[in-house]
Each structure stands twice: as C-alpha cells, then as structure tokens.
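Before any comments, here is the structure.
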Amino acid sequence: MCVMRYGTPLLLLVAIGCTSGSMEAKTGAAPALTVSYTDAGEPEGLERFRQWSDTLFQGAQPKGEIAFRNLAAMGVTTVISVDGAAPDLANAHKYGLVYAHVPIGYDAVPREAAIRMIEAARRSKGAVYVHCHHGKHRGPAGMMAIRMTLDGTTADDAVAGLKLSGTSPKYEGLYRDIAAFQVPSGDELAKAPKTIPERVMPDGMVALMITVTERWENLGQSRKEGWKVPADSPDVSPPHEARMLWELYRESNRLGQWKSYDEDFRDQMAEGEQLAMKLEQALRANEHNLAKQHYKALKANCNSCHAAYRN
C-alpha cells in the first residue's frame with residue numbers, strides 16, 4: 001500500500017463548495033492540521049487508503065470526524081462518493097471539504113457518471129479522495145476513469161490499478177468498462193453538469209440494499225463483541241437491528257419492489273426475512289449460540305443472493 005505522510009501543516013482553500021445540495025465555488029481556510037495514523041500505517045478513519053499521485057487518493061468510506069480531519073490535513077478539498085449511502089456532509093463541511101455524490105453499481109461504470117466524477121476532480125483546487133463503501137470495487141473503478149483522463153494512465157495500467165486495489169474479477173462490468181474507457185473529449189466535458197449534487201437520494205431496490213447493508217454491518221459489529229451493544233456505537237441495539245432488517249425485507253415486498261425480479265430472487269429475499277426474524281427472537285431471548293447459527297445462515301443467504309444478482 002502506498003501511503004505518503006504529511007508532516008507540514010497546510011492551509012487549505014476549498015475549491016468547490018455546497019449550497020442547497022450542489023457544488024459551487026467558494027473559499028475558506030481550515031486550521032493547520034497533521035495526519036494521524038493507525039499502527040498499520042493508514043490514515044485513521046480511511047481504510048484501504050491508496051495514493052496514486054500528489055492529488056488523487058482513494059479508499060473506503062471515511063469513518064468519523066478523524067477521517068475528514070486527516071483528509072483535510074492531506075490537502076483534500078473534494079470527496080467523490082460512488083456509493084449509494086448518504087455522505088457524511090456534516091463532518092466534511094466542518095473541515096472545509098465538499099462532496100460530489102455519483103452513485104454507481106457493481107455492474108458498470110456509466111459514461112455519464114464517469115464524466116461527472118472527472119469534472120468534479122478537474123474543478124477541485126485541492127486534492128481529491130474517491131471512495132465507495134469498502135474501497136475495493138466501485139471506488140477504484142471511478143478513480144481509474146479519473147486517472148486515465150487527468151494523468152494519462154493507460155487502459156492496461158488502469159486495469160492493473162483495479163487489481164492492485166483488490167477489485168474482484170467477479171465484477172466483470174467494472175473491468176470491462178475501465179479496459180474500454182475512452183478519455184472524454186473537450187466537447188463532452190464542456191457539456192458536463194455545472195453543479196454536482198452532494199447527496200443523491202436513491203430509490204427502489206438500490207435504497208433498500210443500502211439500508212440492508214447498514215443494518216447488516218451493525219449486526220456484524222455487535223456479533224464480534226459477543227452480541228453486546230458495540231462500545232463505539234451506543235445507539236446500536238442488536239435485537240433492534242435484526243428487527244429493522246426483516247422489516248426492510250417485508251416492507252419492500254409489500255411495496256412491490258421484488259415484482260420485477262425472478263422467482264429465485266424473491267425466494268431468497270423471503271428466506272432472508274425469516275432468518276432475520278429468527279435472529280431477532282434469539283437475540284431478545286439472549287440465546288447467543290442460536291443467534292450465531294441464524295446469523296451464519298443469514299450471511300449465507302446474503303452471499304448467495306449477491307453471487308447471483310449483485311452484478
């Protein structure tokens with residue numbers, strides 16, 4: 001992993017600001033900051049951090065205020081998220097950073113989305129941090145489109161960059177689109193939107209899966225701590241998280257969000273609902289061994305569904 005340490009305090013000028021949910025020009029200064037690191041050498045709050053140039057960084061979703069503080073210390077002024085989850089705008093703005101929210105799926109890098117990312121990076125007067133959720137698949141794909149345009153990275157090197165980032169070859173659409181990516185023409189860039197939202201509200205199945213992922217990760221955190229309330233997340237109640245999970249499945253079925261999918265998908269979602277319900281019951285009864293079994297079965301259900309439908 002390539003990590004550059006920044007020992008000199010920086011005065012930052014915010015290149016692109018936000019008013020009413022859009023990116024607009026504004027200036028401001030952040031306090032002098034230095035980067036704090038984990039024992040593994042990563043900037044705190046920025047898992048899978050990777051630096052490609054003096055101004056292009058990528059990684060996982062920033063975690064907490066310390067992550068945005070570190071980004072600001074590294075000279076980042078623009079954060080580009082390709083994940084569907086809501087960006088942490090409060091902490092970003094606290095340190096003079098702004099977002100460009102350009103969600104993409106695991107199946108492709110739509111050209112329009114790539115151009116939006118490129119424009120957000122082009123307009124930034126400071127460094128840029130690109131992230132998805134885990135920092136392994138969609139984020140690196142977005143970064144490669146930016147690198148090919150701004151740094152002249154070749155298609156072969158961009159594909160190598162995906163592999164270096166840990167992008168799974170199972171996401172064939174990401175590899176396909178980066179391998180075939182053509183740098184946008186000046187005319188294409190000139191036609192790009194002048195404002196890029198800091199928050200895009202997904203709907204339908206995308207929104208459902210984003211929320212399911214959040215509940216699932218809360219449950220995983222609790223499981224690691226013996227099904228207790230996580231020490232750093234006192235608002236996470238394991239039985240409640242399990243209940244919210246199965247209610248998400250049930251509500252999406254009630255609203256007809258599964259109708260356009262095939263029978264196997266609907267069966268797997270229905271099974272997930274039942275397993276999450278059993279997990280909640282076991283947690284409320286403090287039957288942790290039984291909860292472990294239901295959690296394992298639920299995880300297998302999720303993995304099976306992802307393998308068949310995530311692409």
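Labels used: A, B, ... for chains in the order of the structure tokens, numbers from 1 for residues in each chain, and numbers from 1 for ligands as shown.
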For A:Met148, work out the shell of residues within 12 Å, counting only C-alpha atoms and skipping chain neighbours fewer than 6 positions away, then give it as a list in words. Trp52, Leu56, Ala114, Ile115, Ile118, Ala141, Gly142, Thr154, Ala155, Asp156, Asp157, Ala158, Val159, Gly161, Ile178, Ala179, Ala180, Phe181, Gln182, Val183 and Pro184 of chain A
Convert the current residue selection to file output with all heavy atoms, as a CSV table (one decimal), in the first residue's frame.
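Ended up saving to out01.csv:
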chain,number,residue,atom,x,y,z
A,52,TRP,N,-2.4,7.7,-5.5
A,52,TRP,CA,-2.0,7.5,-6.9
A,52,TRP,C,-1.1,8.6,-7.4
A,52,TRP,O,-0.3,8.4,-8.3
A,52,TRP,CB,-3.2,7.3,-7.8
A,52,TRP,CG,-4.0,6.1,-7.5
A,52,TRP,CD1,-5.2,6.0,-6.9
A,52,TRP,CD2,-3.6,4.7,-7.8
A,52,TRP,NE1,-5.6,4.7,-6.8
A,52,TRP,CE2,-4.7,3.9,-7.3
A,52,TRP,CE3,-2.5,4.2,-8.4
A,52,TRP,CZ2,-4.7,2.5,-7.5
A,52,TRP,CZ3,-2.5,2.8,-8.6
A,52,TRP,CH2,-3.6,2.0,-8.1
A,56,LEU,N,-4.5,12.7,-6.1
A,56,LEU,CA,-5.5,11.7,-6.2
A,56,LEU,C,-5.4,10.6,-5.2
A,56,LEU,O,-4.4,9.8,-5.2
A,56,LEU,CB,-5.5,11.1,-7.6
A,56,LEU,CG,-5.9,12.1,-8.8
A,56,LEU,CD1,-5.8,11.3,-10.1
A,56,LEU,CD2,-7.3,12.6,-8.6
A,114,ALA,N,-19.0,8.7,-15.1
A,114,ALA,CA,-17.6,8.8,-15.1
A,114,ALA,C,-17.2,10.3,-15.4
A,114,ALA,O,-16.3,10.9,-14.8
A,114,ALA,CB,-17.0,7.9,-16.2
A,115,ILE,N,-18.0,10.9,-16.3
A,115,ILE,CA,-17.7,12.3,-16.7
A,115,ILE,C,-18.0,13.2,-15.5
A,115,ILE,O,-17.3,14.2,-15.3
A,115,ILE,CB,-18.5,12.7,-18.0
A,115,ILE,CG1,-17.9,12.0,-19.2
A,115,ILE,CG2,-18.5,14.2,-18.2
A,115,ILE,CD1,-18.7,12.2,-20.5
A,118,ILE,N,-15.0,12.9,-13.2
A,118,ILE,CA,-13.9,13.6,-13.8
A,118,ILE,C,-14.0,15.1,-13.7
A,118,ILE,O,-13.0,15.8,-13.3
A,118,ILE,CB,-13.7,13.2,-15.3
A,118,ILE,CG1,-13.3,11.7,-15.4
A,118,ILE,CG2,-12.7,14.1,-16.0
A,118,ILE,CD1,-13.5,11.1,-16.8
A,141,ALA,N,-12.8,1.8,-9.5
A,141,ALA,CA,-13.2,1.9,-10.9
A,141,ALA,C,-13.4,3.4,-11.3
A,141,ALA,O,-12.9,3.8,-12.3
A,141,ALA,CB,-14.4,1.1,-11.1
A,142,GLY,N,-14.0,4.1,-10.4
A,142,GLY,CA,-14.2,5.5,-10.6
A,142,GLY,C,-12.9,6.3,-10.7
A,142,GLY,O,-12.7,7.1,-11.5
A,154,THR,N,-2.7,4.7,-18.9
A,154,THR,CA,-3.2,3.8,-20.0
A,154,THR,C,-4.2,2.8,-19.5
A,154,THR,O,-4.4,2.6,-18.3
A,154,THR,CB,-2.0,3.0,-20.5
A,154,THR,OG1,-1.5,2.1,-19.5
A,154,THR,CG2,-0.9,3.9,-21.0
A,155,ALA,N,-5.0,2.2,-20.4
A,155,ALA,CA,-6.0,1.3,-20.0
A,155,ALA,C,-5.4,0.1,-19.3
A,155,ALA,O,-6.0,-0.4,-18.3
A,155,ALA,CB,-6.8,0.8,-21.3
A,156,ASP,N,-4.2,-0.4,-19.8
A,156,ASP,CA,-3.6,-1.5,-19.2
A,156,ASP,C,-3.2,-1.2,-17.7
A,156,ASP,O,-3.4,-2.0,-16.8
A,156,ASP,CB,-2.3,-1.9,-20.0
A,156,ASP,CG,-2.7,-2.7,-21.3
A,156,ASP,OD1,-3.8,-3.1,-21.4
A,156,ASP,OD2,-1.8,-2.8,-22.1
A,157,ASP,N,-2.7,0.0,-17.5
A,157,ASP,CA,-2.3,0.4,-16.2
A,157,ASP,C,-3.5,0.6,-15.3
A,157,ASP,O,-3.4,0.4,-14.1
A,157,ASP,CB,-1.4,1.7,-16.2
A,157,ASP,CG,0.0,1.4,-16.7
A,157,ASP,OD1,0.4,0.2,-16.7
A,157,ASP,OD2,0.7,2.4,-17.0
A,158,ALA,N,-4.6,1.1,-15.9
A,158,ALA,CA,-5.8,1.3,-15.1
A,158,ALA,C,-6.4,-0.1,-14.6
A,158,ALA,O,-6.8,-0.2,-13.5
A,158,ALA,CB,-6.8,2.0,-15.9
A,159,VAL,N,-6.4,-1.1,-15.5
A,159,VAL,CA,-6.8,-2.4,-15.1
A,159,VAL,C,-5.9,-3.0,-14.0
A,159,VAL,O,-6.4,-3.6,-13.1
A,159,VAL,CB,-6.8,-3.3,-16.4
A,159,VAL,CG1,-7.0,-4.8,-15.9
A,159,VAL,CG2,-7.9,-2.9,-17.3
A,161,GLY,N,-4.4,-1.2,-11.9
A,161,GLY,CA,-4.8,-0.5,-10.7
A,161,GLY,C,-6.0,-1.1,-10.0
A,161,GLY,O,-6.0,-1.1,-8.8
A,178,ILE,N,-13.6,-0.1,-17.7
A,178,ILE,CA,-12.3,0.6,-17.5
A,178,ILE,C,-11.3,0.2,-18.6
A,178,ILE,O,-10.6,1.0,-19.2
A,178,ILE,CB,-11.7,0.3,-16.1
A,178,ILE,CG1,-12.6,0.9,-15.0
A,178,ILE,CG2,-10.3,0.8,-16.0
A,178,ILE,CD1,-12.8,2.4,-15.2
A,179,ALA,N,-11.3,-1.1,-19.0
A,179,ALA,CA,-10.5,-1.6,-20.1
A,179,ALA,C,-10.8,-0.9,-21.4
A,179,ALA,O,-9.9,-0.6,-22.2
A,179,ALA,CB,-10.6,-3.1,-20.2
A,180,ALA,N,-12.1,-0.6,-21.6
A,180,ALA,CA,-12.5,0.0,-22.8
A,180,ALA,C,-12.7,1.6,-22.7
A,180,ALA,O,-13.2,2.2,-23.7
A,180,ALA,CB,-13.8,-0.6,-23.3
A,181,PHE,N,-12.4,2.1,-21.6
A,181,PHE,CA,-12.7,3.5,-21.4
A,181,PHE,C,-12.0,4.5,-22.3
A,181,PHE,O,-10.8,4.4,-22.5
A,181,PHE,CB,-12.4,3.9,-19.9
A,181,PHE,CG,-12.9,5.3,-19.5
A,181,PHE,CD1,-14.2,5.6,-19.4
A,181,PHE,CD2,-12.0,6.4,-19.4
A,181,PHE,CE1,-14.7,6.9,-19.0
A,181,PHE,CE2,-12.4,7.6,-19.1
A,181,PHE,CZ,-13.7,7.9,-18.9
A,182,GLN,N,-12.7,5.4,-22.9
A,182,GLN,CA,-12.1,6.4,-23.8
A,182,GLN,C,-12.2,7.7,-23.1
A,182,GLN,O,-13.2,8.1,-22.6
A,182,GLN,CB,-12.9,6.5,-25.1
A,182,GLN,CG,-12.9,5.2,-25.9
A,182,GLN,CD,-11.5,4.9,-26.4
A,182,GLN,OE1,-10.8,5.8,-26.9
A,182,GLN,NE2,-11.1,3.6,-26.3
A,183,VAL,N,-11.0,8.4,-23.0
A,183,VAL,CA,-11.0,9.7,-22.4
A,183,VAL,C,-12.0,10.7,-23.0
A,183,VAL,O,-12.0,10.8,-24.2
A,183,VAL,CB,-9.5,10.3,-22.5
A,183,VAL,CG1,-9.5,11.7,-22.0
A,183,VAL,CG2,-8.5,9.4,-21.7
A,184,PRO,N,-12.8,11.4,-22.2
A,184,PRO,CA,-13.8,12.3,-22.8
A,184,PRO,C,-13.2,13.4,-23.6
A,184,PRO,O,-12.1,13.9,-23.3
A,184,PRO,CB,-14.5,12.8,-21.5
A,184,PRO,CG,-14.2,11.9,-20.4
A,184,PRO,CD,-12.8,11.3,-20.7
Spatial neighbours of A:Val236, 7 Å, only C-alpha atoms, chain gap at least 6 places, as a PDB file with C-alpha atoms, in the first residue's frame:
ATOM      1  CA  ASN A 218     -24.227  -3.056  12.694  1.00  0.00           C
ATOM      2  CA  VAL A 229     -24.016  -3.039  22.230  1.00  0.00           C
ATOM      3  CA  PRO A 230     -20.796  -2.002  20.409  1.00  0.00           C
TER       4      PRO A 230
END
Let's see if you can do this: from backbone DSSP, list all strand (DSSP E) residues in stretch 25-238 of chain A, as a PDB file with C-alpha atoms, in the first residue's frame.
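Everything below was put into result.pdb:
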ATOM      1  CA  ARG A  50      -4.151   4.425  -1.515  1.00  0.00           C
ATOM      2  CA  GLN A  51      -2.382   7.345  -3.125  1.00  0.00           C
ATOM      3  CA  LEU A  56      -5.525  11.669  -6.222  1.00  0.00           C
ATOM      4  CA  PHE A  57      -6.389   9.385  -3.304  1.00  0.00           C
ATOM      5  CA  GLN A  58      -8.855   6.536  -2.865  1.00  0.00           C
ATOM      6  CA  GLY A  59     -10.152   4.302  -0.117  1.00  0.00           C
ATOM      7  CA  VAL A  76      -8.110  17.149   0.053  1.00  0.00           C
ATOM      8  CA  THR A  77     -10.885  19.605  -0.751  1.00  0.00           C
ATOM      9  CA  THR A  78     -13.227  17.390  -2.781  1.00  0.00           C
ATOM     10  CA  VAL A  79     -14.566  13.950  -1.851  1.00  0.00           C
ATOM     11  CA  ILE A  80     -16.219  11.899  -4.578  1.00  0.00           C
ATOM     12  CA  SER A  81     -18.516   9.105  -3.422  1.00  0.00           C
ATOM     13  CA  VAL A  98     -17.305  19.160  -0.170  1.00  0.00           C
ATOM     14  CA  TYR A  99     -18.803  16.095  -1.791  1.00  0.00           C
ATOM     15  CA  ALA A 100     -19.683  15.063  -5.296  1.00  0.00           C
ATOM     16  CA  HIS A 101     -22.140  12.174  -4.989  1.00  0.00           C
ATOM     17  CA  ALA A 127      -6.568  17.015  -3.772  1.00  0.00           C
ATOM     18  CA  VAL A 128      -9.420  14.545  -4.390  1.00  0.00           C
ATOM     19  CA  TYR A 129     -10.479  11.477  -2.425  1.00  0.00           C
ATOM     20  CA  VAL A 130     -12.654   8.887  -4.190  1.00  0.00           C
ATOM     21  CA  HIS A 131     -14.495   6.238  -2.214  1.00  0.00           C
TER      22      HIS A 131
END
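Closest approach to A:Asp177 among A:His93, A:Arg123, A:His134, A:Arg111 is made by A:Arg111 (distances from only C-alpha atoms).
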Excluding A:Pro193 and its own-chain neighbours fewer than 4 positions away, which residues fall within 12 Å of it when counting only C-alpha atoms? Please give them as a list in words. Ser22, Met23, Glu24, Ala100, Glu112, Ala113, Ile115, Arg116, Met117, Ile118, Glu119, Ala120, Arg123, Glu188, Leu189 and Pro197 of chain A
Considering only C-alpha atoms, return as a PyMOL selection string whatever protein or nucleic-acid residues lie within 8 Å of A:Arg69, sequence-local ones (same chain, fewer than 5 positions apart) excluded. chain A and resi 33+35+95
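In this model, the gap between atom CA of A:Leu89 and atom CA of A:Leu46 comes to 15.9 Å.
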Would you please extract all helix (DSSP H, G or I) residues from stretch 113-222 of chain A, as assigned by DSSP on the backbone, and give them as a ChimeraX atom specification? /A:113-123,138-150,155-165,172-179,186-190,204-222
Using only C-alpha atoms: which of A:Asp54, A:Glu280, A:Glu241, A:Glu44 has the shortest distance to A:Arg147: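 Smallest separation from A:Arg147 among the options: A:Asp54.
Coordinates place atom CA of A:Gly45 at a distance of 27.1 Å from atom CA of A:Pro239.
Closest approach to A:Gly173 among A:Pro234, A:Ala108, A:Trp216, A:Ser222 is made by A:Ala108 (distances from only C-alpha atoms).
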Which distance in Å separates atom CA of A:Arg266 and atom CA of A:Leu290, to one decimal?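 We find that atom CA of A:Arg266 and atom CA of A:Leu290 lie 25.5 Å from each other.
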Within 8 Å of A:Leu283, counting only C-alpha atoms, which residues qualify if same-chain residues fewer than 5 places away don't, as a PyMOL selection string? chain A and resi 227+238-239+288+291
Which residue of A:Ala276, A:Val82, A:Ala90, A:Met269 approaches A:Arg215 most closely, using only C-alpha atoms: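 That would be A:Ala276, the residue with the smallest distance to A:Arg215.
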So which residues touch stretch 248-261 of chain A within 9 Å, counting only C-alpha atoms, skipping near sequence neighbours fewer than 2 positions away, as number ranges by chain? A: 204-205, 208, 211-212, 243-246, 263-266, 269-270, 272-273
Contacts of A:Pro62 within 9 Å, only C-alpha atoms, excl. fewer than 4 positions in-chain, as a VMD selection string: chain A and resid 45 to 47 66 to 68 71 87 to 88 131 133
